[in-house]
>>> print(open('run_2.txt').read())   # compact mmCIF, C-alpha atoms and all ligand atoms
# COMPACT_ATOMS: atom_id res chain seq x y z
CA MET A 1 32.78 147.25 66.11
CA SER A 2 35.97 145.33 65.27
CA LEU A 3 39.09 147.38 64.72
CA ASN A 4 42.10 147.14 62.46
CA ARG A 5 45.48 148.11 63.93
CA ARG A 6 47.79 149.66 61.38
CA ILE A 7 51.05 151.59 61.20
CA VAL A 8 51.17 154.69 59.06
CA LEU A 9 53.99 157.00 57.99
CA ALA A 10 53.69 159.96 60.37
CA SER A 11 56.71 161.96 59.20
CA ARG A 12 59.60 161.55 56.79
CA PRO A 13 62.93 160.61 58.38
CA VAL A 14 65.98 162.81 58.04
CA GLY A 15 68.82 160.30 58.25
CA ASP A 16 68.11 157.16 60.25
CA PRO A 17 64.40 156.45 60.81
CA VAL A 18 63.15 156.84 64.41
CA PRO A 19 60.00 155.47 66.11
CA GLU A 20 58.35 158.93 65.86
CA ASN A 21 58.26 158.56 62.04
CA PHE A 22 55.52 155.95 62.56
CA GLU A 23 52.08 156.15 64.15
CA VAL A 24 50.02 153.21 65.38
CA GLN A 25 46.32 153.65 64.65
CA ASP A 26 43.22 151.60 65.50
CA VAL A 27 40.66 152.20 62.76
CA PRO A 28 37.35 150.57 61.79
CA MET A 29 37.68 147.27 59.92
CA PRO A 30 37.76 147.93 56.15
CA GLU A 31 35.09 146.40 53.88
CA PRO A 32 36.00 144.77 50.56
CA GLY A 33 34.31 146.18 47.47
CA GLU A 34 33.49 144.31 44.25
CA GLY A 35 36.56 142.36 43.06
CA GLN A 36 38.28 142.85 46.42
CA VAL A 37 39.23 140.58 49.30
CA LEU A 38 39.58 141.23 53.05
CA VAL A 39 42.79 139.55 54.21
CA LYS A 40 43.96 138.94 57.77
CA THR A 41 47.72 139.41 57.90
CA LEU A 42 49.67 136.46 59.29
CA TRP A 43 53.21 137.39 58.24
CA LEU A 44 54.70 140.73 57.20
CA SER A 45 58.07 140.94 55.44
CA ILE A 46 60.32 143.80 56.60
CA ALA A 47 62.83 144.88 53.96
CA PRO A 48 65.36 147.68 53.32
CA TYR A 49 63.50 149.13 50.27
CA MET A 50 60.91 150.48 52.72
CA ARG A 51 63.47 153.12 53.76
CA TRP A 52 63.43 154.55 50.22
CA ARG A 53 59.67 154.57 50.14
CA MET A 54 59.71 156.87 53.21
CA ASN A 55 61.47 159.61 51.20
CA ASP A 56 59.56 162.06 49.05
CA ALA A 57 61.84 161.39 46.09
CA LYS A 58 61.58 159.97 42.60
CA SER A 59 62.57 156.31 42.44
CA TYR A 60 61.48 153.07 40.77
CA ALA A 61 58.39 153.03 43.02
CA PRO A 62 56.33 155.91 44.41
CA PRO A 63 56.86 157.16 47.99
CA VAL A 64 54.44 156.26 50.76
CA ALA A 65 52.26 159.35 51.36
CA LEU A 66 52.20 160.86 54.83
CA GLY A 67 49.34 159.25 56.74
CA ASP A 68 49.31 156.15 54.52
CA VAL A 69 49.91 152.61 55.72
CA MET A 70 53.55 151.52 55.32
CA VAL A 71 53.99 149.21 52.35
CA GLY A 72 55.01 145.58 52.74
CA ALA A 73 54.61 142.09 51.33
CA THR A 74 52.40 139.79 53.40
CA VAL A 75 51.11 136.27 53.75
CA GLY A 76 47.52 136.33 54.98
CA GLU A 77 44.26 134.44 55.31
CA VAL A 78 41.16 135.46 53.37
CA VAL A 79 38.41 136.53 55.75
CA ARG A 80 35.81 137.76 53.25
CA SER A 81 35.93 137.61 49.48
CA ARG A 82 34.14 139.51 46.74
CA HIS A 83 36.38 138.01 44.08
CA SER A 84 35.46 134.72 42.40
CA ASP A 85 39.00 133.27 42.62
CA PHE A 86 39.20 133.49 46.43
CA ALA A 87 37.22 132.08 49.34
CA ALA A 88 37.40 132.50 53.10
CA GLY A 89 40.26 130.45 54.48
CA ASP A 90 42.53 130.73 51.42
CA ILE A 91 46.13 131.63 52.20
CA VAL A 92 47.34 134.42 49.93
CA ILE A 93 50.48 136.41 49.20
CA GLY A 94 50.09 140.10 48.49
CA LEU A 95 51.05 143.62 49.50
CA GLY A 96 48.90 144.00 52.60
CA GLY A 97 51.25 146.46 54.31
CA TRP A 98 51.89 147.11 57.99
CA GLN A 99 48.40 146.30 59.30
CA GLN A 100 46.36 143.48 60.81
CA TYR A 101 43.76 143.46 58.01
CA ALA A 102 44.00 144.69 54.45
CA VAL A 103 41.53 145.09 51.63
CA CYS A 104 43.34 143.86 48.53
CA ASP A 105 42.44 143.85 44.88
CA GLY A 106 41.95 140.18 43.92
CA LYS A 107 44.14 140.75 40.86
CA ALA A 108 47.07 141.62 43.13
CA LEU A 109 46.89 138.41 45.20
CA ARG A 110 48.37 134.96 44.64
CA LYS A 111 47.25 131.81 46.42
CA GLN A 112 49.93 130.13 48.51
CA ASP A 113 50.66 126.59 47.47
CA ALA A 114 49.11 124.27 50.10
CA GLU A 115 52.46 122.47 50.32
CA TRP A 116 53.91 125.43 52.23
CA GLY A 117 50.98 125.76 54.67
CA LYS A 118 50.63 129.22 56.17
CA SER A 119 54.36 129.67 56.59
CA ALA A 120 56.45 132.71 55.72
CA VAL A 121 58.56 130.78 53.23
CA MET A 122 56.81 132.59 50.35
CA LEU A 123 58.16 135.89 51.65
CA GLY A 124 61.74 134.64 51.81
CA VAL A 125 63.43 131.72 50.18
CA LEU A 126 60.63 130.99 47.67
CA GLY A 127 59.50 134.62 47.40
CA GLY A 128 61.03 138.04 46.82
CA ASN A 129 64.38 137.26 48.49
CA GLY A 130 64.90 134.06 46.52
CA MET A 131 63.86 135.59 43.23
CA THR A 132 66.07 138.66 43.77
CA ALA A 133 69.08 136.48 44.54
CA TYR A 134 68.39 134.21 41.58
CA ALA A 135 67.72 136.96 39.03
CA GLY A 136 70.71 139.10 40.00
CA LEU A 137 73.10 136.20 40.31
CA PHE A 138 72.22 134.14 37.25
CA HIS A 139 70.81 136.73 34.84
CA ILE A 140 73.37 139.48 35.54
CA GLY A 141 76.26 137.94 37.47
CA LYS A 142 76.34 134.74 35.39
CA PRO A 143 79.02 132.95 37.45
CA LYS A 144 80.89 130.10 35.79
CA PRO A 145 82.01 127.03 37.76
CA GLY A 146 85.18 127.80 39.70
CA GLU A 147 84.69 131.59 39.60
CA THR A 148 84.68 133.66 42.79
CA VAL A 149 81.37 135.23 43.84
CA VAL A 150 81.38 137.76 46.68
CA VAL A 151 78.25 138.96 48.47
CA ALA A 152 77.76 141.23 51.48
CA ALA A 153 74.91 141.14 54.03
CA ALA A 154 75.65 137.43 53.63
CA SER A 155 73.60 136.22 56.60
CA GLY A 156 70.54 138.26 55.51
CA GLY A 157 67.49 137.48 53.42
CA VAL A 158 68.99 137.97 49.94
CA GLY A 159 72.72 137.52 50.59
CA SER A 160 72.36 134.15 52.32
CA LEU A 161 70.69 132.76 49.19
CA VAL A 162 73.13 134.34 46.71
CA GLY A 163 76.11 132.45 48.15
CA GLN A 164 74.26 129.15 48.41
CA MET A 165 72.95 129.40 44.84
CA ALA A 166 76.44 130.29 43.59
CA LYS A 167 77.80 127.15 45.26
CA LEU A 168 74.98 125.01 43.85
CA ARG A 169 76.16 126.04 40.38
CA GLY A 170 79.83 125.31 41.12
CA ALA A 171 81.22 128.75 42.01
CA ARG A 172 83.25 129.71 45.07
CA ALA A 173 81.23 131.79 47.56
CA VAL A 174 82.82 134.47 49.74
CA GLY A 175 80.52 136.20 52.21
CA ILE A 176 80.86 139.51 54.02
CA ALA A 177 78.87 140.05 57.22
CA GLY A 178 78.79 142.18 60.34
CA GLY A 179 80.52 140.40 63.24
CA PRO A 180 82.05 137.00 64.02
CA GLU A 181 78.75 135.30 64.94
CA LYS A 182 77.17 136.07 61.58
CA CYS A 183 80.39 135.05 59.78
CA ARG A 184 80.46 131.70 61.58
CA PHE A 185 76.82 131.08 60.62
CA VAL A 186 77.51 131.91 56.96
CA VAL A 187 80.31 129.32 56.76
CA ASP A 188 79.12 126.61 59.19
CA GLU A 189 75.38 126.67 58.48
CA LEU A 190 75.08 128.09 54.96
CA GLY A 191 78.20 126.42 53.56
CA PHE A 192 79.97 129.46 52.04
CA ASP A 193 83.69 128.88 51.49
CA THR A 194 84.61 131.75 53.78
CA CYS A 195 83.15 134.93 55.31
CA LEU A 196 84.81 138.20 56.34
CA ASP A 197 83.72 140.66 59.02
CA HIS A 198 83.37 144.11 57.44
CA ARG A 199 83.72 145.71 60.86
CA ALA A 200 87.21 144.25 61.41
CA PRO A 201 89.96 146.89 61.09
CA ASP A 202 91.88 144.76 58.56
CA PHE A 203 88.79 143.96 56.46
CA PRO A 204 90.17 145.14 53.06
CA GLN A 205 93.35 143.07 53.52
CA ALA A 206 91.39 140.02 54.75
CA LEU A 207 89.08 140.24 51.73
CA ALA A 208 92.06 140.41 49.35
CA LYS A 209 93.58 137.34 51.04
CA ALA A 210 90.28 135.45 50.78
CA CYS A 211 90.10 136.16 47.03
CA PRO A 212 93.54 135.13 45.73
CA ASP A 213 92.21 134.84 42.16
CA GLY A 214 90.31 138.14 42.35
CA ILE A 215 86.52 138.59 42.18
CA ASP A 216 84.48 137.56 39.13
CA VAL A 217 81.00 138.42 40.44
CA TYR A 218 80.27 140.92 43.19
CA PHE A 219 76.60 140.90 44.20
CA GLU A 220 76.24 144.42 45.60
CA ASN A 221 73.92 144.72 48.62
CA VAL A 222 75.52 147.40 50.77
CA GLY A 223 77.81 149.91 48.99
CA GLY A 224 80.01 152.31 50.97
CA ALA A 225 83.16 150.99 52.65
CA VAL A 226 82.50 147.41 51.52
CA TRP A 227 82.33 148.48 47.88
CA ASN A 228 85.58 150.43 48.30
CA ALA A 229 87.29 147.23 49.47
CA VAL A 230 85.81 145.13 46.65
CA LEU A 231 86.50 147.45 43.70
CA PRO A 232 90.30 146.98 43.47
CA LEU A 233 89.85 143.19 43.53
CA LEU A 234 87.45 142.95 40.57
CA ASN A 235 88.87 140.91 37.68
CA ASP A 236 88.74 141.84 34.01
CA PHE A 237 85.17 141.32 32.76
CA ALA A 238 83.78 141.05 36.33
CA ARG A 239 80.01 141.40 36.67
CA VAL A 240 78.37 143.49 39.41
CA PRO A 241 74.61 143.06 39.87
CA VAL A 242 73.72 146.16 41.91
CA CYS A 243 70.88 144.94 44.08
CA GLY A 244 71.06 147.38 46.98
CA VAL A 245 73.24 149.95 48.75
CA ILE A 246 71.85 149.77 52.25
CA SER A 247 74.77 151.68 53.79
CA GLN A 248 73.59 154.75 51.84
CA TYR A 249 69.81 154.65 52.35
CA SER A 250 69.77 157.05 55.30
CA ALA A 251 72.71 159.21 54.21
CA THR A 252 72.02 162.94 54.39
CA GLU A 253 75.18 164.10 52.63
CA PRO A 254 77.87 162.64 50.33
CA PRO A 255 80.67 160.71 52.08
CA PRO A 256 83.84 162.70 52.87
CA GLY A 257 86.25 162.96 49.91
CA PRO A 258 88.17 162.22 47.87
CA ASP A 259 85.70 161.83 45.01
CA ARG A 260 86.25 158.24 43.82
CA THR A 261 84.16 158.53 40.65
CA PRO A 262 87.13 159.14 38.27
CA GLU A 263 88.86 156.01 39.63
CA LEU A 264 85.65 154.00 39.27
CA MET A 265 85.19 155.12 35.65
CA ARG A 266 88.83 154.30 34.87
CA LEU A 267 88.41 150.76 36.26
CA ILE A 268 85.08 150.21 34.49
CA LEU A 269 86.89 150.95 31.23
CA SER A 270 90.29 149.33 31.79
CA ARG A 271 88.87 146.13 33.35
CA ARG A 272 85.75 146.09 31.14
CA LEU A 273 83.49 145.82 34.21
CA GLU A 274 79.75 145.35 33.90
CA LEU A 275 77.69 147.08 36.58
CA ARG A 276 73.94 146.72 36.30
CA GLY A 277 71.30 147.93 38.72
CA PHE A 278 68.13 145.88 38.88
CA VAL A 279 64.91 145.52 40.81
CA LEU A 280 63.03 142.31 41.25
CA THR A 281 60.10 143.43 39.14
CA ASP A 282 62.40 143.70 36.08
CA PHE A 283 62.53 139.91 36.12
CA LEU A 284 58.91 138.81 36.40
CA HIS A 285 59.37 136.99 33.08
CA ILE A 286 61.67 134.45 34.78
CA GLN A 287 59.18 133.61 37.56
CA ASP A 288 58.58 130.05 36.27
CA GLU A 289 62.29 129.38 35.83
CA PHE A 290 62.95 130.63 39.36
CA ASN A 291 60.06 128.63 40.85
CA ALA A 292 61.28 125.40 39.27
CA ALA A 293 64.86 125.87 40.51
CA ALA A 294 64.04 127.22 43.97
CA VAL A 295 61.31 124.70 44.79
CA ALA A 296 63.61 121.81 43.81
CA TRP A 297 66.48 123.19 45.92
CA HIS A 298 64.15 123.95 48.83
CA ARG A 299 62.57 120.48 48.79
CA ALA A 300 66.03 118.92 48.76
CA GLY A 301 67.01 121.05 51.78
CA GLN A 302 69.75 122.75 49.76
CA LEU A 303 68.76 126.33 50.57
CA ARG A 304 69.17 127.02 54.26
CA TYR A 305 67.81 130.21 55.77
CA ARG A 306 67.37 131.89 59.09
CA GLU A 307 64.35 133.98 60.07
CA ASP A 308 64.46 136.87 62.53
CA VAL A 309 60.87 136.88 63.78
CA HIS A 310 59.20 139.71 65.74
CA GLN A 311 55.78 139.29 67.33
CA GLY A 312 52.78 141.57 66.70
CA ILE A 313 52.23 144.49 64.34
CA ASP A 314 53.46 146.98 66.98
CA ALA A 315 56.94 145.43 66.63
CA ALA A 316 57.29 146.42 62.96
CA PRO A 317 58.95 149.86 63.40
CA GLN A 318 61.66 148.58 65.76
CA ALA A 319 62.27 145.51 63.58
CA PHE A 320 62.74 147.82 60.59
CA ILE A 321 64.95 150.35 62.40
CA GLY A 322 67.11 147.52 63.77
CA MET A 323 67.50 145.86 60.37
CA LEU A 324 68.91 149.06 58.85
CA LYS A 325 71.59 148.95 61.57
CA GLY A 326 72.41 145.25 61.04
CA ARG A 327 70.78 144.19 64.32
CA ASN A 328 68.77 141.48 62.50
CA PHE A 329 70.14 137.98 62.11
CA GLY A 330 68.39 136.51 59.06
CA LYS A 331 65.30 137.47 57.07
CA VAL A 332 63.21 139.95 59.09
CA LEU A 333 59.57 138.99 59.57
CA VAL A 334 56.74 140.15 61.78
CA GLN A 335 54.27 137.48 62.84
CA VAL A 336 51.14 139.61 62.93
CA ALA A 337 48.75 136.77 63.85
CA GLN A 338 49.27 133.12 64.76
CA ASP A 339 49.19 130.63 61.88
N1 LIG B 401 66.85 145.19 43.86
C1 LIG B 401 65.86 144.52 44.44
O1 LIG B 401 64.83 144.19 43.84
C2 LIG B 401 66.01 144.12 45.88
C3 LIG B 401 65.12 143.20 46.48
C4 LIG B 401 65.36 142.81 47.80
C5 LIG B 401 66.45 143.37 48.50
N2 LIG B 401 67.25 144.27 47.88
C6 LIG B 401 68.43 144.84 48.57
O2 LIG B 401 69.23 143.76 49.03
C7 LIG B 401 69.94 144.15 50.20
C8 LIG B 401 69.70 143.11 51.29
O3 LIG B 401 68.31 143.13 51.62
P1 LIG B 401 67.68 142.04 52.62
O4 LIG B 401 66.22 142.22 52.58
O5 LIG B 401 68.25 140.72 52.32
O6 LIG B 401 68.19 142.57 54.04
P2 LIG B 401 69.10 141.80 55.10
O7 LIG B 401 70.40 141.47 54.44
O8 LIG B 401 68.32 140.70 55.72
O9 LIG B 401 69.32 142.93 56.21
C9 LIG B 401 70.07 144.06 55.96
C10 LIG B 401 71.57 143.83 56.30
O10 LIG B 401 72.35 144.83 55.69
C11 LIG B 401 73.59 144.93 56.37
N3 LIG B 401 73.98 146.33 56.55
C12 LIG B 401 73.25 147.33 57.05
N4 LIG B 401 73.98 148.47 57.06
C13 LIG B 401 75.19 148.16 56.56
C14 LIG B 401 76.39 148.91 56.33
N5 LIG B 401 76.46 150.21 56.60
N6 LIG B 401 77.44 148.25 55.80
C15 LIG B 401 77.39 146.94 55.52
N7 LIG B 401 76.28 146.18 55.72
C16 LIG B 401 75.20 146.79 56.25
C17 LIG B 401 73.39 144.26 57.73
O11 LIG B 401 74.08 143.00 57.70
P3 LIG B 401 75.51 142.83 58.43
O12 LIG B 401 75.28 142.97 59.89
O13 LIG B 401 75.94 141.48 58.01
O14 LIG B 401 76.38 143.92 57.87
C18 LIG B 401 71.90 143.99 57.78
O15 LIG B 401 71.61 142.82 58.51
C19 LIG B 401 69.46 145.56 50.53
O16 LIG B 401 70.35 146.51 50.02
C20 LIG B 401 68.13 145.66 49.80
O17 LIG B 401 67.78 146.99 49.51
C21 LIG B 401 67.04 144.67 46.60
>>> encode(input="run_2.txt", output="structure tokens")
Amino acid sequence: MSLNRRIVLASRPVGDPVPENFEVQDVPMPEPGEGQVLVKTLWLSIAPYMRWRMNDAKSYAPPVALGDVMVGATVGEVVRSRHSDFAAGDIVIGLGGWQQYAVCDGKALRKQDAEWGKSAVMLGVLGGNGMTAYAGLFHIGKPKPGETVVVAAASGGVGSLVGQMAKLRGARAVGIAGGPEKCRFVVDELGFDTCLDHRAPDFPQALAKACPDGIDVYFENVGGAVWNAVLPLLNDFARVPVCGVISQYSATEPPPGPDRTPELMRLILSRRLELRGFVLTDFLHIQDEFNAAAVAWHRAGQLRYREDVHQGIDAAPQAFIGMLKGRNFGKVLVQVAQD
């Protein structure tokens, strides 16, 4: 009997996730029912939102139940189909999760354009990362030519695209990243105007110097100390798409005082700031607009990206734990089976 290797949530983390929160299981191969498709996972996207889904807390998406397969977007190959739109051999994008084979509802799958082969590009630059960057930047941040756009986690999946898209529309892009190697990559390879190391002791001063005209759009990916350095530099009428606050995902208690909320509220009022949280699924109505822009940029080689690839499904927990600590360099992917 053929087996399916999968990774389930064994326990809920308190603070940073640890390997013991996950369990590797070999279970009988699942069978697709009517309207379903059996998909062999080729690529699994590892992303920070998975940390939230490990908590038993109310959020924009339900938690993963204990004993359930960890959630995740995948590119896979159809092995067996009981849905009229799919046949064996089709390459599909879906939410297969952390496992070698997944039974998916046909309605929840999309065929991958043959132009992109079996590659992981639909999980990154042309997929969730690209759409998140595009939606937050252009539908909330709305940078004008010449304005200053700042983004943290600038070498990562979303941040790397935010700065490049900002530049493509004529804005100035300032990145923030962890360490000199990532900062060099953000400037030399991605073409940002500059990039600051948030671990450097003089980071707040360096950021102020790099933004002599203040900040018009701050694309928020990390929160915490980076946000504290950005806030005083925001211009009147600055826009802040709040995409993620990764520095807070594993926090078990509020940061040490003082309470900065009164200062934040004062600045929101006096500088007429716009802060708006968003999740990708709020913007499904702009999918066609995003596809047209991103495919054109991608074909022209104008959106550069770096992938941080781990081999085999067993590597998923460590890839995830490392990403939350900034040990990744680029979009985190697990190659579950060879293309
Ligand atoms: N709203 C949505 O729909 C949506 C969709 C996708 C992603 N997101 C959010 O977007 C953000 C980026 O996600 P991604 O998938 O592109 O991940 P990523 O940037 O590829 O990887 C995460 C990066 O976060 C940075 N980081 C981790 N802890 C940090 C800390 N304490 N302070 C500063 N930086 C820290 C690290 O970069 P450095 O080493 O450079 O610091 C790390 O490499 C996350 O907050 C995620 O939740 C939101």
>>> closest_atom_pairs(input="run_2.txt", of="region 115-140 of chain A", to="region 288-301 of chain A", cutoff="7 Å", atoms="all atoms listed in the file", output="Markdown table")
| residue | atom | partner | partner_atom | distance |
| --- | --- | --- | --- | --- |
| A:Leu126 | CA | A:Ala294 | CA | 6.3 |
| A:Met131 | CA | A:Phe290 | CA | 6.4 |
| A:Tyr134 | CA | A:Phe290 | CA | 6.9 |
>>> residues_around(input="run_2.txt", residues="Arg53 (chain A)", least_positions_apart="3", cutoff="9 Å", atoms="all atoms listed in the file", output="PyMOL selection string")
chain A and resi 49-50+56-57+59+61-65+70-71
>>> residues_near_ligand(input="run_2.txt", ligand="ligand LIG 401 (chain B)", cutoff="6 Å", atoms="all atoms listed in the file", output="NGL selection string")
:A and (47-49 or 129 or 132 or 153-159 or 177-178 or 221-222 or 243-247 or 278-280 or 323-326 or 328 or 330-331)
>>> write_last_selection(input="run_2.txt", atoms="C-alpha atoms", output="mmCIF file, keeping the file's coordinate frame")
data_model
loop_
_atom_site.group_PDB
_atom_site.id
_atom_site.type_symbol
_atom_site.label_atom_id
_atom_site.label_comp_id
_atom_site.auth_asym_id
_atom_site.auth_seq_id
_atom_site.Cartn_x
_atom_site.Cartn_y
_atom_site.Cartn_z
ATOM 1 C CA ALA A 47 62.830 144.880 53.960
ATOM 2 C CA PRO A 48 65.360 147.680 53.320
ATOM 3 C CA TYR A 49 63.500 149.130 50.270
ATOM 4 C CA ASN A 129 64.380 137.260 48.490
ATOM 5 C CA THR A 132 66.070 138.660 43.770
ATOM 6 C CA ALA A 153 74.910 141.140 54.030
ATOM 7 C CA ALA A 154 75.650 137.430 53.630
ATOM 8 C CA SER A 155 73.600 136.220 56.600
ATOM 9 C CA GLY A 156 70.540 138.260 55.510
ATOM 10 C CA GLY A 157 67.490 137.480 53.420
ATOM 11 C CA VAL A 158 68.990 137.970 49.940
ATOM 12 C CA GLY A 159 72.720 137.520 50.590
ATOM 13 C CA ALA A 177 78.870 140.050 57.220
ATOM 14 C CA GLY A 178 78.790 142.180 60.340
ATOM 15 C CA ASN A 221 73.920 144.720 48.620
ATOM 16 C CA VAL A 222 75.520 147.400 50.770
ATOM 17 C CA CYS A 243 70.880 144.940 44.080
ATOM 18 C CA GLY A 244 71.060 147.380 46.980
ATOM 19 C CA VAL A 245 73.240 149.950 48.750
ATOM 20 C CA ILE A 246 71.850 149.770 52.250
ATOM 21 C CA SER A 247 74.770 151.680 53.790
ATOM 22 C CA PHE A 278 68.130 145.880 38.880
ATOM 23 C CA VAL A 279 64.910 145.520 40.810
ATOM 24 C CA LEU A 280 63.030 142.310 41.250
ATOM 25 C CA MET A 323 67.500 145.860 60.370
ATOM 26 C CA LEU A 324 68.910 149.060 58.850
ATOM 27 C CA LYS A 325 71.590 148.950 61.570
ATOM 28 C CA GLY A 326 72.410 145.250 61.040
ATOM 29 C CA ASN A 328 68.770 141.480 62.500
ATOM 30 C CA GLY A 330 68.390 136.510 59.060
ATOM 31 C CA LYS A 331 65.300 137.470 57.070
#
>>> atom_distance(input="run_2.txt", atom1="CA of Asp339 (chain A)", atom2="CA of Leu42 (chain A)")
6.4 Å
>>> residues_around(input="run_2.txt", residues="Trp98 (chain A)", least_positions_apart="4", cutoff="10 Å", atoms="all atoms listed in the file", output="MDAnalysis selection string")
chainID A and resid 5:8 24 41 43:46 69:74 102 313:314 316:317 334 336
>>> residues_around(input="run_2.txt", residues="region 213-216 of chain A", least_positions_apart="5", cutoff="12 Å", atoms="all atoms listed in the file", output="JSON, numbers by chain")
{"A": [137, 140, 141, 142, 143, 144, 145, 146, 147, 148, 149, 150, 151, 166, 171, 172, 173, 174, 175, 207, 208, 229, 230, 231, 232, 233, 234, 235, 236, 237, 238, 239, 240, 241, 271, 272, 273, 274, 275]}
>>> atom_distance(input="run_2.txt", atom1="CA of Glu77 (chain A)", atom2="CA of Asn4 (chain A)")
14.7 Å
>>> atom_distance(input="run_2.txt", atom1="CA of Val125 (chain A)", atom2="CA of Leu303 (chain A)")
7.6 Å
>>> closest_residue(input="run_2.txt", among="A:Glu307, A:Glu31, A:Asp26, A:Glu220", to="Arg80 (chain A)", atoms="only C-alpha atoms")
A:Glu31
>>> closest_residue(input="run_2.txt", among="A:Thr281, A:Phe86, A:Tyr60, A:Val332", to="Gly128 (chain A)", atoms="all atoms listed in the file")
A:Thr281
>>> closest_residue(input="run_2.txt", among="A:Gly224, A:Leu264, A:Arg169, A:Pro212", to="Gln302 (chain A)", atoms="only C-alpha atoms")
A:Arg169
>>> closest_residue(input="run_2.txt", among="A:Asn228, A:Leu109, A:Val162, A:Glu181", to="Asp259 (chain A)", atoms="all atoms listed in the file")
A:Asn228
>>> closest_residue(input="run_2.txt", among="A:Asp193, A:Ala315, A:Lys107, A:Val309", to="Ala120 (chain A)", atoms="all atoms listed in the file")
A:Val309
>>> closest_residue(input="run_2.txt", among="A:Leu333, A:Leu269, A:Ala135, A:Met29", to="Asp282 (chain A)", atoms="all atoms listed in the file")
A:Ala135
